[in-house]
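Down below is the structure, laid out as structure tokens.
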Amino acid sequence: MTIPKTIDEVQARLSETGYVCGRALATVVFLSLKLGRPLFLEGEAGVGKTEIAKALAKCLNRRLIRLQCYEGLDASSAVYEWNFPAQMIAIRTAEAAGTQDRTALQTELFGKDYLIERPLLQAMRPDENGAPVLLIDELDRTDEPFEAFLLEALSDFQVTIPEIGTIAAPEPPIVILTSNRTREVHDALKRRCLYHWVDYPNFDREVEILNARAPEVSEQLSKEIIAFVQALRTEDIFKKPGVAETIDWAKCLLALDVVDLSPQVISDTLGAILKYQDDIAKIGGTETARLLKDARKTLEEA
């Protein structure tokens, strides 16, 4: 499928996949596609950074390749590894058969048949549907040496395997990097990318998102859910609920056949929107009733 030709087309095609975004985000996505630049998205967890990569792959009919970052991730783990068990079997088979040509055996052992491709190498491979979408998720979980490696890989869109040589992408992948900002990512890497801060949506935008992702929820209940969640985000809690939690909570309430919110229902289902016991204990009881009252007052004044 062709690359969108306008910002409006980006918004429309993402919306068809169920991803609702504002014009600012649609603009930076359009520029990333148009200029072939990686897109770096920062924001709180659960605001839709990862989802945009999934939606983009879907609307472009491209393969999505995800590199989930973690502490201790190194270049070799992100690019490739050798299938050592299979290599050992091949060695023993050759010994049993009395094979004497060690050079040929070594060439075979470090050939494509024993190469396990990891996300970065997969993203360099050609695809009949076009360059894949490469999602490098939660980059802030890694360390500076891995950032330095990425800096080189994203500059040249090529990786080197000592036993094989350099593999370059015939067409650069569509790269999206995300960060929850648990630490600062180096400026050198950010300079290679277009940048956008993905914030919590405003009330109308979040209603639109919830309608797209959970259309079975009634309009009135949707508004109550979002007004309560947005009131909750103003509280001094450890982890504020993101849009993902809003959607999860709405689906939980739908499964319970809830028609409208009540302090008891909210208390019973707080685990869908709050993920820390201290937060649940703080918001439970009279605080739940107060927040619901504030949320309904906001709706009345709107």
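Following the order of the structure tokens, chains are lettered A, B, ..., residues in each are numbered from 1, and ligands are numbered from 1.
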
Check which residues of range 131-230 of chain A sit at most 6 Å from range 44-65 of chain A using only C-alpha atoms, and return one row each with the closest pair of atoms and their distance in Å to one decimal, ordered by chain and rising number, as a Markdown table.
```
| residue | atom | partner | partner_atom | distance |
| --- | --- | --- | --- | --- |
| A:Pro132 | CA | A:Arg63 | CA | 4.8 |
| A:Val133 | CA | A:Leu64 | CA | 4.9 |
| A:Leu134 | CA | A:Ile65 | CA | 4.9 |
| A:Asn180 | CA | A:Glu44 | CA | 5.3 |
```

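Around range 182-185 of chain A, within 8 Å and counting only C-alpha atoms, the residues found are Leu139, Asp140, Arg141, Glu147, Ser179, Asn180, Asp187, Leu189 and Lys190 of chain A, once anything fewer than 2 positions away on its own chain is removed.
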
Self-check item: Nearest-residue call for Val243 in chain A, choices A:Arg118, A:Lys223, A:Arg205, A:Arg192, using only C-alpha atoms
Solution: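 Of all the options, A:Arg205 lies closest to Val243 in chain A.
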
Quiz prompt | All residues 12 Å or closer to Lys5 in chain A, only C-alpha atoms, same chain fewer than 2 positions away omitted, as a list of chain:residue names | solution =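 With the cut-off at 12 Å, the set is A:Met1, A:Thr2, A:Ile3, A:Ile7, A:Asp8, A:Glu9, A:Val10, A:Gln11, A:Ala12, A:Arg13, A:Ala26, A:Thr27, A:Val29, A:Phe30, A:Leu31, A:Leu33, A:Lys34.
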
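Proximity of A:Phe40, A:Tyr70, A:Tyr114, A:Phe149 to Phe84 in chain A, computed with only C-alpha atoms, is greatest for A:Tyr114.
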
Quiz item: With only C-alpha atoms as the basis for distance, which of A:Leu35, A:Val259, A:Ala231, A:Val79 is at the shortest distance from Leu194 in chain A?
Solution: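 When distances to Leu194 in chain A are compared using only C-alpha atoms, the smallest one comes from A:Leu35.
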
Self-check item: Within 10 Å of Ser77 in chain A using only C-alpha atoms, minus same-chain residues under 6 positions, as a list in words
Solution: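 Final neighbour list, sorted by chain and number: Glu117, Arg118, Pro119 and Leu120 of chain A.
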
Quiz item: A:Thr269, A:Val198, A:Val175, A:Asp74: which is nearest Ser32 in chain A, counting only C-alpha atoms?
Solution: A:Val175

Quiz prompt | Contacts of Asp268 in chain A within 12 Å, only C-alpha atoms, excl. fewer than 6 positions in-chain, as a PyMOL selection string | solution = chain A and resi 249+252-253+256+258+261-262+274+280-281+283-285+288

Could you write out that same residue set with N, CA and C atoms as a PDB file, in the first residue's frame?
```
ATOM      1  N   TRP A 249     -10.381  -0.517  31.384  1.00  0.00           N
ATOM      2  CA  TRP A 249     -11.417  -0.331  32.405  1.00  0.00           C
ATOM      3  C   TRP A 249     -12.809  -0.331  31.781  1.00  0.00           C
ATOM      4  N   CYS A 252     -13.817  -3.783  31.069  1.00  0.00           N
ATOM      5  CA  CYS A 252     -14.172  -4.484  32.313  1.00  0.00           C
ATOM      6  C   CYS A 252     -15.586  -4.116  32.754  1.00  0.00           C
ATOM      7  N   LEU A 253     -15.893  -2.824  32.693  1.00  0.00           N
ATOM      8  CA  LEU A 253     -17.227  -2.371  33.093  1.00  0.00           C
ATOM      9  C   LEU A 253     -18.292  -2.924  32.160  1.00  0.00           C
ATOM     10  N   LEU A 256     -19.141  -6.383  33.054  1.00  0.00           N
ATOM     11  CA  LEU A 256     -19.951  -6.448  34.275  1.00  0.00           C
ATOM     12  C   LEU A 256     -21.352  -5.871  34.078  1.00  0.00           C
ATOM     13  N   VAL A 258     -22.226  -2.841  33.542  1.00  0.00           N
ATOM     14  CA  VAL A 258     -22.394  -1.580  34.277  1.00  0.00           C
ATOM     15  C   VAL A 258     -23.020  -0.537  33.357  1.00  0.00           C
ATOM     16  N   LEU A 261     -21.495   4.703  36.551  1.00  0.00           N
ATOM     17  CA  LEU A 261     -20.513   4.512  37.607  1.00  0.00           C
ATOM     18  C   LEU A 261     -21.118   4.747  38.992  1.00  0.00           C
ATOM     19  N   SER A 262     -20.579   4.021  39.949  1.00  0.00           N
ATOM     20  CA  SER A 262     -20.914   4.223  41.355  1.00  0.00           C
ATOM     21  C   SER A 262     -19.633   4.018  42.158  1.00  0.00           C
ATOM     22  N   LEU A 274      -5.434   1.246  38.076  1.00  0.00           N
ATOM     23  CA  LEU A 274      -4.282   1.520  38.938  1.00  0.00           C
ATOM     24  C   LEU A 274      -3.503   0.228  39.162  1.00  0.00           C
ATOM     25  N   ILE A 280      -4.036   2.277  44.898  1.00  0.00           N
ATOM     26  CA  ILE A 280      -5.389   1.751  45.112  1.00  0.00           C
ATOM     27  C   ILE A 280      -5.876   2.078  46.520  1.00  0.00           C
ATOM     28  N   ALA A 281      -4.997   1.907  47.501  1.00  0.00           N
ATOM     29  CA  ALA A 281      -5.368   2.207  48.887  1.00  0.00           C
ATOM     30  C   ALA A 281      -5.651   3.694  49.073  1.00  0.00           C
ATOM     31  N   ILE A 283      -6.751   5.861  46.738  1.00  0.00           N
ATOM     32  CA  ILE A 283      -7.926   6.321  45.997  1.00  0.00           C
ATOM     33  C   ILE A 283      -9.212   5.653  46.493  1.00  0.00           C
ATOM     34  N   GLY A 284      -9.102   4.506  47.126  1.00  0.00           N
ATOM     35  CA  GLY A 284     -10.294   3.787  47.580  1.00  0.00           C
ATOM     36  C   GLY A 284     -11.057   4.554  48.651  1.00  0.00           C
ATOM     37  N   GLY A 285     -12.269   4.067  48.980  1.00  0.00           N
ATOM     38  CA  GLY A 285     -13.085   4.662  50.040  1.00  0.00           C
ATOM     39  C   GLY A 285     -13.667   6.000  49.664  1.00  0.00           C
ATOM     40  N   THR A 288     -12.788   7.854  46.297  1.00  0.00           N
ATOM     41  CA  THR A 288     -13.481   7.404  45.094  1.00  0.00           C
ATOM     42  C   THR A 288     -14.762   8.194  44.898  1.00  0.00           C
TER      43      THR A 288
END
```

Practice problem: Excluding Ser218 in chain A and residues on its chain fewer than 6 positions from it, collect all residues at most 12 Å away from it, counting only C-alpha atoms, and give them as a PyMOL selection string. | Solution: chain A and resi 207+210-211+224-225+250-251+253-254+257-260

Output all heavy atoms of each residue in that selection to a file, as a short mmCIF file (atom, residue, chain, number, x, y, z; two decimals), in the first residue's frame.
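Listing of part_27.cif after writing:
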```
data_model
loop_
_atom_site.label_atom_id
_atom_site.label_comp_id
_atom_site.auth_asym_id
_atom_site.auth_seq_id
_atom_site.Cartn_x
_atom_site.Cartn_y
_atom_site.Cartn_z
N VAL A 207 -12.57 10.62 24.41
CA VAL A 207 -13.89 10.06 24.09
C VAL A 207 -13.87 9.42 22.71
O VAL A 207 -14.37 8.31 22.50
CB VAL A 207 -14.98 11.15 24.15
CG1 VAL A 207 -16.30 10.63 23.55
CG2 VAL A 207 -15.23 11.59 25.58
N LEU A 210 -11.91 6.14 22.85
CA LEU A 210 -12.68 5.08 23.50
C LEU A 210 -13.81 4.58 22.60
O LEU A 210 -14.08 3.38 22.53
CB LEU A 210 -13.24 5.57 24.84
CG LEU A 210 -13.95 4.53 25.69
CD1 LEU A 210 -13.06 3.32 25.95
CD2 LEU A 210 -14.42 5.13 27.01
N ASN A 211 -14.45 5.48 21.89
CA ASN A 211 -15.50 5.08 20.95
C ASN A 211 -14.96 4.19 19.84
O ASN A 211 -15.63 3.27 19.38
CB ASN A 211 -16.18 6.31 20.35
CG ASN A 211 -17.05 7.05 21.34
OD1 ASN A 211 -17.44 6.48 22.36
ND2 ASN A 211 -17.35 8.31 21.08
N GLU A 224 -18.49 9.39 31.46
CA GLU A 224 -18.25 9.25 32.90
C GLU A 224 -16.89 8.60 33.16
O GLU A 224 -16.14 9.02 34.05
CB GLU A 224 -19.35 8.42 33.55
CG GLU A 224 -20.64 9.17 33.80
CD GLU A 224 -21.57 8.42 34.75
OE1 GLU A 224 -21.30 7.24 35.05
OE2 GLU A 224 -22.56 9.02 35.20
N ILE A 225 -16.59 7.57 32.40
CA ILE A 225 -15.31 6.87 32.55
C ILE A 225 -14.14 7.83 32.34
O ILE A 225 -13.21 7.91 33.14
CB ILE A 225 -15.22 5.69 31.56
CG1 ILE A 225 -16.17 4.56 31.98
CG2 ILE A 225 -13.78 5.17 31.45
CD1 ILE A 225 -16.32 3.48 30.92
N ALA A 250 -12.93 0.35 30.64
CA ALA A 250 -14.23 0.39 29.96
C ALA A 250 -14.69 -1.02 29.57
O ALA A 250 -15.87 -1.36 29.72
CB ALA A 250 -14.14 1.28 28.71
N LYS A 251 -13.76 -1.83 29.09
CA LYS A 251 -14.11 -3.20 28.71
C LYS A 251 -14.48 -4.04 29.94
O LYS A 251 -15.37 -4.90 29.87
CB LYS A 251 -12.96 -3.83 27.94
CG LYS A 251 -12.75 -3.22 26.56
CD LYS A 251 -11.58 -3.86 25.81
CE LYS A 251 -11.44 -3.26 24.41
NZ LYS A 251 -10.29 -3.83 23.68
N LEU A 253 -15.89 -2.82 32.69
CA LEU A 253 -17.23 -2.37 33.09
C LEU A 253 -18.29 -2.92 32.16
O LEU A 253 -19.39 -3.28 32.59
CB LEU A 253 -17.27 -0.84 33.11
CG LEU A 253 -16.36 -0.16 34.13
CD1 LEU A 253 -16.37 1.35 33.94
CD2 LEU A 253 -16.77 -0.51 35.55
N LEU A 254 -17.95 -3.01 30.89
CA LEU A 254 -18.87 -3.58 29.91
C LEU A 254 -19.13 -5.05 30.22
O LEU A 254 -20.28 -5.53 30.14
CB LEU A 254 -18.28 -3.42 28.50
CG LEU A 254 -19.19 -3.73 27.31
CD1 LEU A 254 -20.34 -2.74 27.24
CD2 LEU A 254 -18.39 -3.70 26.01
N ASP A 257 -21.66 -5.48 32.83
CA ASP A 257 -22.97 -4.91 32.50
C ASP A 257 -23.26 -3.64 33.30
O ASP A 257 -24.40 -3.37 33.71
CB ASP A 257 -24.10 -5.92 32.74
CG ASP A 257 -23.99 -7.14 31.83
OD1 ASP A 257 -23.62 -6.96 30.66
OD2 ASP A 257 -24.27 -8.26 32.29
N VAL A 258 -22.23 -2.84 33.54
CA VAL A 258 -22.39 -1.58 34.28
C VAL A 258 -23.02 -0.54 33.36
O VAL A 258 -22.58 -0.35 32.22
CB VAL A 258 -21.03 -1.08 34.80
CG1 VAL A 258 -21.16 0.32 35.40
CG2 VAL A 258 -20.48 -2.06 35.83
N VAL A 259 -24.05 0.13 33.87
CA VAL A 259 -24.75 1.16 33.09
C VAL A 259 -24.19 2.54 33.42
O VAL A 259 -24.00 3.36 32.53
CB VAL A 259 -26.27 1.12 33.36
CG1 VAL A 259 -26.97 2.24 32.61
CG2 VAL A 259 -26.84 -0.23 32.96
N ASP A 260 -23.95 2.79 34.70
CA ASP A 260 -23.31 4.04 35.11
C ASP A 260 -22.41 3.77 36.31
O ASP A 260 -22.54 2.76 37.00
CB ASP A 260 -24.32 5.14 35.39
CG ASP A 260 -25.35 4.72 36.44
OD1 ASP A 260 -25.13 3.70 37.12
OD2 ASP A 260 -26.37 5.41 36.58
#
```

Quiz item: Taking the backbone alone, and naming residues the way the document does, which bits of range 39-221 of chain A are helix (DSSP H, G or I) by DSSP, as a PyMOL selection string?
Solution: chain A and resi 49-60+75-79+84-97+102-109+112-114+119-124+139-141+144-156+187-191+203-213+219-221

Within 9 Å of Arg125 in chain A, counting only C-alpha atoms, which residues qualify if same-chain residues fewer than 4 places away don't, as a PDB file with C-alpha atoms, in the first residue's frame?
```pdb
ATOM      1  CA  LEU A 121      18.709  -7.888  10.933  1.00  0.00           C
ATOM      2  CA  ALA A 131      10.138  -1.833   3.887  1.00  0.00           C
ATOM      3  CA  PRO A 132       8.876  -3.114   7.255  1.00  0.00           C
ATOM      4  CA  ILE A 167      24.228  -6.555   5.214  1.00  0.00           C
ATOM      5  CA  ALA A 168      22.599  -3.341   4.013  1.00  0.00           C
ATOM      6  CA  ALA A 169      18.879  -2.691   3.712  1.00  0.00           C
ATOM      7  CA  PRO A 170      17.809  -2.345   0.056  1.00  0.00           C
ATOM      8  CA  GLU A 171      15.117   0.027   1.339  1.00  0.00           C
TER       9      GLU A 171
END
```

Quiz prompt | Nearest to Ile273 in chain A, chosen from A:Thr298, A:Thr286, A:Thr246, A:Thr178, with only C-alpha atoms counted in the distances | solution =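 Using only C-alpha atoms, Ile273 in chain A sits closest to A:Thr246.
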
Practice problem: Could you pull out the residues in range 87-290 of chain A that DSSP calls strand (DSSP E or B) from the backbone, as a PyMOL selection string? | Solution: chain A and resi 115-117+133-137+158-161+165-168+174-179+194-197

Convert the current residue selection to file output with C-alpha atoms, as a PDB file, in the first residue's frame.
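As a result, part38.pdb now contains:
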```
ATOM      1  CA  LEU A 115      21.984 -17.907  11.459  1.00  0.00           C
ATOM      2  CA  ILE A 116      19.139 -16.808  13.756  1.00  0.00           C
ATOM      3  CA  GLU A 117      18.008 -13.357  12.696  1.00  0.00           C
ATOM      4  CA  VAL A 133       7.951  -0.995  10.262  1.00  0.00           C
ATOM      5  CA  LEU A 134      10.705  -1.416  12.872  1.00  0.00           C
ATOM      6  CA  LEU A 135       9.504  -0.653  16.396  1.00  0.00           C
ATOM      7  CA  ILE A 136      12.324  -0.128  18.912  1.00  0.00           C
ATOM      8  CA  ASP A 137      10.211  -0.113  22.058  1.00  0.00           C
ATOM      9  CA  GLN A 158      23.258  -1.707   7.699  1.00  0.00           C
ATOM     10  CA  VAL A 159      24.675  -4.251  10.128  1.00  0.00           C
ATOM     11  CA  THR A 160      27.882  -6.292  10.068  1.00  0.00           C
ATOM     12  CA  ILE A 161      28.207  -9.987  10.886  1.00  0.00           C
ATOM     13  CA  GLY A 165      30.023  -9.504   6.123  1.00  0.00           C
ATOM     14  CA  THR A 166      27.950  -6.328   5.922  1.00  0.00           C
ATOM     15  CA  ILE A 167      24.228  -6.555   5.214  1.00  0.00           C
ATOM     16  CA  ALA A 168      22.599  -3.341   4.013  1.00  0.00           C
ATOM     17  CA  ILE A 174      10.174   2.741   8.762  1.00  0.00           C
ATOM     18  CA  VAL A 175      11.661   3.211  12.238  1.00  0.00           C
ATOM     19  CA  ILE A 176       9.715   4.194  15.351  1.00  0.00           C
ATOM     20  CA  LEU A 177      11.520   4.473  18.687  1.00  0.00           C
ATOM     21  CA  THR A 178       9.640   4.902  21.951  1.00  0.00           C
ATOM     22  CA  SER A 179      10.686   5.976  25.432  1.00  0.00           C
ATOM     23  CA  LEU A 194      11.996  13.472  14.237  1.00  0.00           C
ATOM     24  CA  TYR A 195      10.678  13.975  17.770  1.00  0.00           C
ATOM     25  CA  HIS A 196       7.205  14.105  19.304  1.00  0.00           C
ATOM     26  CA  TRP A 197       5.963  14.089  22.889  1.00  0.00           C
TER      27      TRP A 197
END
```

Practice problem: Just give me the gap between CA of Phe157 in chain A and CA of Ala123 in chain A in Å, one decimal is fine. | Solution: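 Pair CA of Phe157 in chain A / CA of Ala123 in chain A returns 9.1 Å.
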
Quiz prompt | d(CA of Thr107 in chain A, CA of Ala153 in chain A) in Å | solution =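 For CA of Thr107 in chain A relative to CA of Ala153 in chain A, the distance reads 26.1 Å.
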